[in-house]
Amino acid sequence: MTPSTAFRLRLKDLRSAAAMTQEDLAAAVGVSTEAISSIERGVNNPSFDTMEHIAEALGVTMADLFTYADDRKGASQKRRRALALAADAAARLTDAEIETLTALLATYVESASRLAPRRRRKKAAAQ
C-alpha cells in the first residue's frame, strides 16, 4: 500500500472512529469540507501543516495517520495490494457506484462465509 493510499484510508477510518463528519473535521482543521473530501478520495494531498492539524484534531500522532491496521498486523502483500487497489478504484466512483459496489461486496462476503465451512470439510475429507 502506498503512503498516500494508507493515509487517506486511515484518515477516513480515524475520522469515523472519532464520530466526526467531514464537516466536523474540516472545521477543526480550518479547511473546507471539499478539501477533506478531496483528501479522502485521493484527489488532493494535504500539506504537511494540514496533516499536523488533522492529527491534532483527531487526537493521534502523525505516524498514526500513515499506519493502517493491516500494516501493523503483518497482512500479506496480496491483502495490502487488494486493499490499495480497492481504495484507488473507489476513489474514482460516484456515490451511486459505491453503493452498488458495497452491496455486491456484502453479497459476496455473505456467500463466501456460508461456503467456507463446506470448503474446510471437503479439504479435511481429502486429507
# chains A, B, ... in the order shown; residues from 1 in each chain; ligands from 1

call {"tool": "residues_around", "arguments": {"residues": "stretch 83-92 of chain A", "least_positions_apart": "5", "cutoff": "9 Å", "atoms": "only C-alpha atoms", "output": "PyMOL selection string"}}
result
chain A and resi 1-2+5-6+8-9+40-43+78+97-98+101

call {"tool": "write_last_selection", "arguments": {"atoms": "N, CA and C atoms", "output": "mmCIF file, in the first residue's frame"}}
result
data_model
loop_
_atom_site.group_PDB
_atom_site.id
_atom_site.type_symbol
_atom_site.label_atom_id
_atom_site.label_comp_id
_atom_site.auth_asym_id
_atom_site.auth_seq_id
_atom_site.Cartn_x
_atom_site.Cartn_y
_atom_site.Cartn_z
ATOM 1 N N MET A 1 0.852 -1.177 0.000
ATOM 2 C CA MET A 1 0.000 0.000 0.000
ATOM 3 C C MET A 1 0.894 1.235 0.000
ATOM 4 N N THR A 2 0.604 2.155 -0.870
ATOM 5 C CA THR A 2 1.404 3.367 -0.943
ATOM 6 C C THR A 2 1.117 4.245 0.269
ATOM 7 N N THR A 5 -2.141 6.185 -0.245
ATOM 8 C CA THR A 5 -3.336 5.363 -0.063
ATOM 9 C C THR A 5 -3.553 5.045 1.404
ATOM 10 N N ALA A 6 -2.476 4.672 2.089
ATOM 11 C CA ALA A 6 -2.586 4.370 3.521
ATOM 12 C C ALA A 6 -3.099 5.587 4.286
ATOM 13 N N ARG A 8 -4.980 8.181 3.196
ATOM 14 C CA ARG A 8 -6.397 8.528 3.011
ATOM 15 C C ARG A 8 -7.329 7.478 3.590
ATOM 16 N N LEU A 9 -6.952 6.179 3.508
ATOM 17 C CA LEU A 9 -7.767 5.144 4.136
ATOM 18 C C LEU A 9 -7.796 5.322 5.651
ATOM 19 N N GLU A 40 -9.607 12.515 1.258
ATOM 20 C CA GLU A 40 -10.066 11.148 1.490
ATOM 21 C C GLU A 40 -10.251 10.370 0.192
ATOM 22 N N ARG A 41 -10.590 11.052 -0.878
ATOM 23 C CA ARG A 41 -10.772 10.390 -2.169
ATOM 24 C C ARG A 41 -9.458 10.257 -2.939
ATOM 25 N N GLY A 42 -8.398 10.879 -2.470
ATOM 26 C CA GLY A 42 -7.114 10.806 -3.153
ATOM 27 C C GLY A 42 -6.976 11.779 -4.305
ATOM 28 N N VAL A 43 -7.894 12.737 -4.379
ATOM 29 C CA VAL A 43 -7.833 13.739 -5.446
ATOM 30 C C VAL A 43 -6.729 14.740 -5.155
ATOM 31 N N LYS A 78 -0.500 -9.676 -0.720
ATOM 32 C CA LYS A 78 -1.705 -9.772 -1.548
ATOM 33 C C LYS A 78 -2.847 -8.978 -0.943
ATOM 34 N N GLU A 97 -22.307 4.457 -7.558
ATOM 35 C CA GLU A 97 -21.473 3.295 -7.879
ATOM 36 C C GLU A 97 -20.894 2.665 -6.616
ATOM 37 N N ILE A 98 -20.548 3.497 -5.642
ATOM 38 C CA ILE A 98 -20.051 2.985 -4.351
ATOM 39 C C ILE A 98 -21.135 2.157 -3.666
ATOM 40 N N LEU A 101 -21.322 -1.146 -5.462
ATOM 41 C CA LEU A 101 -20.155 -1.951 -5.130
ATOM 42 C C LEU A 101 -20.249 -2.494 -3.709
#

call {"tool": "residues_around", "arguments": {"residues": "A:Leu11", "least_positions_apart": "2", "cutoff": "12 Å", "atoms": "only C-alpha atoms", "output": "NGL selection string"}}
result
:A and (3-9 or 13-18 or 20-22 or 25 or 36-42 or 45-46 or 51 or 54-55 or 57-69)

call {"tool": "select_by_dssp", "arguments": {"residues": "stretch 4-120 of chain A", "states": "helix (DSSP H, G or I)", "output": "number ranges by chain"}}
result
A: 4-17, 22-29, 33-41, 48-58, 62-66, 69-72, 77-91, 95-120
